[in-house]
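A.B. asks: Sharing my_file-v9.cif (mmCIF, C-alpha atoms) below.
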data_run
#
loop_
_atom_site.label_atom_id
_atom_site.label_comp_id
_atom_site.auth_asym_id
_atom_site.auth_seq_id
_atom_site.Cartn_x
_atom_site.Cartn_y
_atom_site.Cartn_z
CA MET A 1456 106.75 40.57 138.67
CA LYS A 1457 107.57 39.27 142.13
CA PHE A 1458 108.74 40.78 145.42
CA ASP A 1459 110.42 38.51 147.97
CA HIS A 1460 112.49 38.73 151.15
CA LEU A 1461 111.35 42.22 152.18
CA GLU A 1462 113.27 43.93 154.96
CA ILE A 1463 112.33 47.37 156.33
CA SER A 1464 114.70 49.05 158.77
CA GLY A 1465 114.87 52.31 160.71
CA TYR A 1466 111.11 52.82 160.71
CA TYR A 1467 110.50 53.91 164.30
CA ASP A 1468 113.86 55.66 164.71
CA SER A 1469 113.14 57.77 161.62
CA LEU A 1470 109.62 58.62 162.84
CA ARG A 1471 111.16 59.71 166.15
CA ALA A 1472 113.91 61.67 164.37
CA SER A 1473 111.28 63.57 162.36
CA GLY A 1474 110.68 65.58 165.54
CA LEU A 1475 114.31 66.64 166.06
CA PRO A 1476 114.10 69.98 164.19
CA HIS A 1477 111.74 71.44 166.83
CA SER A 1478 112.94 69.50 169.86
CA VAL A 1479 114.65 70.77 172.98
CA GLY A 1480 114.59 67.46 174.81
CA GLU A 1481 113.58 63.86 174.32
CA VAL A 1482 111.64 63.19 171.11
CA SER A 1483 108.95 60.53 170.84
CA VAL A 1484 107.65 58.48 167.93
CA ASP A 1485 104.71 60.45 166.54
CA LEU A 1486 102.89 58.92 163.58
CA LYS A 1487 100.65 61.98 163.14
CA ARG A 1488 103.71 64.24 162.79
CA GLY A 1489 105.32 61.69 160.45
CA ARG A 1490 102.27 61.61 158.19
CA ARG A 1491 102.11 65.42 158.09
CA LEU A 1492 105.80 65.74 157.19
CA ALA A 1493 105.65 62.84 154.72
CA SER A 1494 102.85 64.58 152.82
CA ALA A 1495 105.06 67.64 152.20
CA PRO A 1496 105.87 68.25 148.53
CA THR A 1497 108.75 66.22 147.16
CA GLY A 1498 111.93 68.28 147.28
CA SER A 1499 110.75 70.59 150.08
CA GLY A 1500 113.03 68.89 152.60
CA HIS A 1501 110.28 68.39 155.17
CA ASP A 1502 109.89 64.73 154.21
CA CYS A 1503 113.61 63.93 154.49
CA PHE A 1504 113.12 61.66 157.53
CA LEU A 1505 111.78 59.12 155.01
CA LYS A 1506 115.41 58.61 153.88
CA GLY A 1507 116.04 56.82 157.17
CA ILE A 1508 113.47 54.11 156.46
CA GLY A 1509 115.48 51.57 154.52
CA VAL A 1510 113.98 48.95 152.23
CA GLY A 1511 115.65 45.81 150.95
CA VAL A 1512 113.82 43.42 148.62
CA ASP A 1513 114.38 40.84 145.90
CA ILE A 1514 112.54 41.87 142.72
CA THR A 1515 111.92 39.63 139.73
CA ALA A 1516 111.04 41.71 136.67
CA SER A 1517 111.51 41.98 132.94
CA GLN A 1518 114.60 43.49 131.37
CA THR A 1519 112.37 46.32 130.13
CA TRP A 1520 111.43 47.24 133.71
CA TRP A 1521 115.01 46.86 135.02
CA LEU A 1522 116.32 49.29 132.38
CA GLN A 1523 113.80 51.90 133.53
CA PHE A 1524 114.41 51.21 137.22
CA MET A 1525 118.17 51.65 136.82
CA ARG A 1526 117.73 55.35 136.05
CA TYR A 1527 117.10 55.83 139.78
CA HIS A 1528 120.61 56.29 141.15
CA PHE A 1529 119.47 56.21 144.77
CA ALA A 1530 118.38 52.59 144.54
CA GLU A 1531 121.28 50.18 144.69
CA ILE A 1532 121.36 46.75 143.11
CA VAL A 1533 123.11 44.59 145.70
CA SER A 1534 123.36 41.51 143.50
CA SER A 1535 121.49 40.10 140.53
CA GLN A 1536 121.04 37.07 138.33
CA SER A 1537 123.45 36.98 135.42
CA LYS A 1538 122.37 36.10 131.90
CA MET A 1539 126.02 35.59 130.97
CA HIS A 1540 126.62 33.03 133.72
CA SER A 1541 123.22 31.36 133.84
CA ILE A 1542 121.57 31.46 130.41
CA LEU A 1543 122.41 27.80 129.77
CA ASN A 1544 120.78 26.79 133.07
CA PHE A 1545 117.68 28.98 132.82
CA HIS A 1546 114.42 27.38 131.69
CA ILE A 1547 113.36 29.68 128.85
CA ASN A 1548 109.61 29.32 129.44
CA VAL A 1549 109.98 30.06 133.16
CA GLN A 1550 112.14 33.15 132.65
CA CYS A 1551 109.97 34.74 129.93
CA ASN A 1552 106.92 36.74 130.95
CA ASP A 1553 103.51 36.33 129.32
CA TYR A 1554 104.24 38.99 126.67
CA VAL A 1555 107.04 36.98 125.04
CA THR A 1556 105.55 35.12 122.07
CA GLY A 1557 105.84 31.39 121.57
CA ASN A 1558 107.87 31.98 118.41
CA THR A 1559 110.40 34.07 120.33
CA ARG A 1560 110.65 31.47 123.10
CA ASN A 1561 111.14 28.70 120.54
CA GLU A 1562 113.85 30.65 118.73
CA LEU A 1563 115.69 31.35 121.98
CA GLN A 1564 115.50 27.66 122.92
CA ARG A 1565 116.78 26.76 119.44
CA LEU A 1566 119.76 29.12 119.83
CA LYS A 1567 120.45 27.70 123.29
CA ASN A 1568 120.44 24.14 121.88
CA ILE A 1569 122.80 25.17 119.07
CA HIS A 1570 125.23 26.68 121.57
CA LEU A 1571 125.11 23.57 123.77
CA VAL A 1572 126.33 21.58 120.75
CA GLU A 1573 128.73 24.08 119.15
CA GLN A 1574 130.14 25.73 122.30
CA SER A 1575 131.48 28.58 120.15
CA THR A 1576 131.86 32.26 120.93
CA ASP A 1577 129.68 33.09 117.95
CA SER A 1578 126.82 30.80 119.04
CA PHE A 1579 127.00 32.24 122.57
CA GLN A 1580 126.87 35.83 121.28
CA ARG A 1581 123.89 34.96 119.07
CA LEU A 1582 122.11 33.44 122.09
CA ILE A 1583 122.79 36.38 124.42
CA TYR A 1584 121.81 39.04 121.87
CA ASN A 1585 118.49 37.37 121.13
CA ILE A 1586 117.21 37.27 124.71
CA PRO A 1587 113.86 39.13 124.67
CA MET A 1588 113.11 42.17 126.84
CA GLY A 1589 110.40 40.10 128.54
CA PHE A 1590 113.07 37.78 129.97
CA GLU A 1591 112.79 38.14 133.74
CA LEU A 1592 115.71 38.37 136.14
CA THR A 1593 115.88 38.72 139.92
CA ALA A 1594 117.95 41.30 141.76
CA ARG A 1595 118.29 42.40 145.39
CA ILE A 1596 117.84 46.13 145.76
CA THR A 1597 118.17 48.57 148.62
CA THR A 1598 116.41 51.93 148.69
CA ASN A 1599 114.38 54.01 151.15
CA PHE A 1600 110.90 55.42 151.64
CA LEU A 1601 111.80 58.88 150.30
CA GLN A 1602 113.00 57.40 147.03
CA LEU A 1603 109.94 55.15 146.79
CA LYS A 1604 107.79 58.28 147.22
CA THR A 1605 109.59 59.85 144.24
CA ILE A 1606 109.22 56.71 142.11
CA VAL A 1607 105.49 56.42 142.88
CA LYS A 1608 104.95 60.07 141.92
CA GLN A 1609 106.90 59.72 138.66
CA ARG A 1610 105.56 56.33 137.55
CA LYS A 1611 101.92 56.54 138.68
CA HIS A 1612 100.47 56.68 135.15
CA HIS A 1613 103.19 54.84 133.25
CA LYS A 1614 102.37 52.69 130.20
CA LEU A 1615 104.41 49.70 131.41
CA SER A 1616 102.10 47.57 133.59
CA GLU A 1617 104.98 46.47 135.83
CA TRP A 1618 105.07 49.99 137.27
CA ASP A 1619 101.45 49.53 138.39
CA MET A 1620 102.52 46.31 140.14
CA PHE A 1621 105.47 48.09 141.72
CA ILE A 1622 103.28 50.94 143.00
CA GLU A 1623 100.76 48.45 144.39
CA TRP A 1624 103.61 46.68 146.22
CA VAL A 1625 104.78 50.04 147.65
CA ARG A 1626 101.22 50.67 148.90
CA GLN A 1627 101.23 47.26 150.61
CA ILE A 1628 104.47 47.92 152.51
CA ASP A 1629 103.42 51.51 153.36
CA LYS A 1630 101.03 50.46 156.10
CA ASP A 1631 100.95 53.92 157.73
CA ASN A 1632 100.49 55.84 154.44
CA LEU A 1633 103.78 57.72 154.62
CA ILE A 1634 104.52 57.31 150.90
CA THR A 1635 101.19 57.04 149.09
#
Turn the structure described in the file into structure tokens.

C.D. replies:
Amino acid sequence: MKFDHLEISGYYDSLRASGLPHSVGEVSVDLKRGRRLASAPTGSGHDCFLKGIGVGVDITASQTWWLQFMRYHFAEIVSSQSKMHSILNFHINVQCNDYVTGNTRNELQRLKNIHLVEQSTDSFQRLIYNIPMGFELTARITTNFLQLKTIVKQRKHHKLSEWDMFIEWVRQIDKDNLIT
């Protein structure tokens, strides 16, 4: 799993805006207030300023992880690699994670070679439908700190090791401990 091209936006403006509910004048950036509000229980509404801290990142992960990630409707996939368009150009051993067996990789390469010769709809379908769940693809996502807080809470003890990597990455970008 890889994370590239991170962009965080709205950080200081959202920290400042966290003081608006009790303000009667100018509001300053207050990290102590931000941490206190960010630690409020999820769903209480007190941590809603975290929605204003946007996150954009390119994530490379297995199809298994992407299927689970896509259940979060508040994270948008901006663009992603396409198996349909690129399978013939992908290097099978590069795209497969360490959990894909050598036999599976060899079979996928064999099906790819058959399609390169036959160029038939049937050979293409056979190739596409035999891509393993450990085949990794990259997508650009956008989300925000509030949603990352929810994901961390829900996936903290998940069986899929990629969630541990994701949570560790969230901890790395959360330098002021607003999420974790």

A.B. asks: State, in Å with one decimal place, the distance from atom CA of Gly1511 of chain A to atom CA of Leu1461 of chain A.

C.D. replies: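 Interatomic distance, atom CA of Gly1511 of chain A to atom CA of Leu1461 of chain A: 5.7 Å.
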
A.B. asks: Might you spell out which residues the PyMOL selection byres ((chain A and resi 1462) around 8) would select in the displayed file, as a PyMOL selection string?

C.D. replies: chain A and resi 1460-1461+1463-1464+1509-1512

A.B. asks: Write the residues of the selection above to a file with C-alpha atoms, as a PDB file, in the coordinates of the input.

C.D. replies:
ATOM      1  CA  HIS A1460     112.490  38.730 151.150  1.00  0.00           C
ATOM      2  CA  LEU A1461     111.350  42.220 152.180  1.00  0.00           C
ATOM      3  CA  ILE A1463     112.330  47.370 156.330  1.00  0.00           C
ATOM      4  CA  SER A1464     114.700  49.050 158.770  1.00  0.00           C
ATOM      5  CA  GLY A1509     115.480  51.570 154.520  1.00  0.00           C
ATOM      6  CA  VAL A1510     113.980  48.950 152.230  1.00  0.00           C
ATOM      7  CA  GLY A1511     115.650  45.810 150.950  1.00  0.00           C
ATOM      8  CA  VAL A1512     113.820  43.420 148.620  1.00  0.00           C
TER       9      VAL A1512
END

A.B. asks: Go through A:His1477, A:Arg1526, A:Arg1626, A:His1546 one by one, measure the shortest atom-to-atom distance of each to Gln1564 of chain A using only C-alpha atoms, and give the residue with the smallest value.

C.D. replies: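 Checking each of A:His1477, A:Arg1526, A:Arg1626, A:His1546 against Gln1564 of chain A, counting only C-alpha atoms, the winner is A:His1546.
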
A.B. asks: Which value, in Å to one decimal, gives the distance between atom CA of Phe1621 of chain A and atom CA of Val1533 of chain A?

C.D. replies: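 Computing it gives 18.4 Å between the two atoms.
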
A.B. asks: Any idea what the distance is between atom CA of Ser1535 of chain A and atom CA of Trp1520 of chain A?

C.D. replies: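 So the two atoms, atom CA of Ser1535 of chain A and atom CA of Trp1520 of chain A, lie 14.1 Å apart.
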
A.B. asks: Could you complete segment 1512-1533 of chain A so that it carries N, CA and C atoms, and give it back as a compact mmCIF listing (two decimals), keeping the file's coordinate frame?

C.D. replies:
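Output contents, as saved in result-v3.txt:
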# COMPACT_ATOMS: atom_id res chain seq x y z
N VAL A 1512 114.78 44.38 149.19
CA VAL A 1512 113.82 43.42 148.62
C VAL A 1512 114.43 42.77 147.39
N ASP A 1513 114.04 41.53 147.14
CA ASP A 1513 114.38 40.84 145.90
C ASP A 1513 113.23 41.08 144.92
N ILE A 1514 113.55 41.61 143.75
CA ILE A 1514 112.54 41.87 142.72
C ILE A 1514 112.85 41.04 141.49
N THR A 1515 111.81 40.35 141.00
CA THR A 1515 111.92 39.63 139.73
C THR A 1515 111.08 40.40 138.72
N ALA A 1516 111.74 40.88 137.66
CA ALA A 1516 111.04 41.71 136.67
C ALA A 1516 111.70 41.56 135.31
N SER A 1517 111.01 42.06 134.31
CA SER A 1517 111.51 41.98 132.94
C SER A 1517 112.71 42.91 132.75
N GLN A 1518 113.47 42.62 131.71
CA GLN A 1518 114.60 43.49 131.37
C GLN A 1518 114.12 44.90 131.03
N THR A 1519 112.93 45.01 130.45
CA THR A 1519 112.37 46.32 130.13
C THR A 1519 112.21 47.14 131.41
N TRP A 1520 111.63 46.54 132.45
CA TRP A 1520 111.43 47.24 133.71
C TRP A 1520 112.77 47.57 134.36
N TRP A 1521 113.70 46.62 134.38
CA TRP A 1521 115.01 46.86 135.02
C TRP A 1521 115.73 48.04 134.37
N LEU A 1522 115.66 48.16 133.04
CA LEU A 1522 116.32 49.29 132.38
C LEU A 1522 115.73 50.62 132.86
N GLN A 1523 114.43 50.67 133.04
CA GLN A 1523 113.80 51.90 133.53
C GLN A 1523 114.13 52.14 135.00
N PHE A 1524 114.12 51.08 135.80
CA PHE A 1524 114.41 51.21 137.22
C PHE A 1524 115.84 51.72 137.46
N MET A 1525 116.76 51.30 136.62
CA MET A 1525 118.17 51.65 136.82
C MET A 1525 118.46 53.14 136.64
N ARG A 1526 117.51 53.90 136.15
CA ARG A 1526 117.73 55.35 136.05
C ARG A 1526 117.69 56.01 137.43
N TYR A 1527 117.15 55.31 138.42
CA TYR A 1527 117.10 55.83 139.78
C TYR A 1527 118.41 55.51 140.49
N HIS A 1528 119.26 56.50 140.61
CA HIS A 1528 120.61 56.29 141.15
C HIS A 1528 120.63 56.11 142.66
N PHE A 1529 119.53 56.35 143.32
CA PHE A 1529 119.47 56.21 144.77
C PHE A 1529 119.00 54.83 145.19
N ALA A 1530 118.71 53.99 144.25
CA ALA A 1530 118.38 52.59 144.54
C ALA A 1530 119.57 51.75 144.09
N GLU A 1531 120.10 50.98 144.99
CA GLU A 1531 121.28 50.18 144.69
C GLU A 1531 120.89 48.74 144.38
N ILE A 1532 121.52 48.18 143.38
CA ILE A 1532 121.36 46.75 143.11
C ILE A 1532 122.49 46.06 143.85
N VAL A 1533 122.14 45.27 144.86
CA VAL A 1533 123.11 44.59 145.70
C VAL A 1533 123.75 43.43 144.94
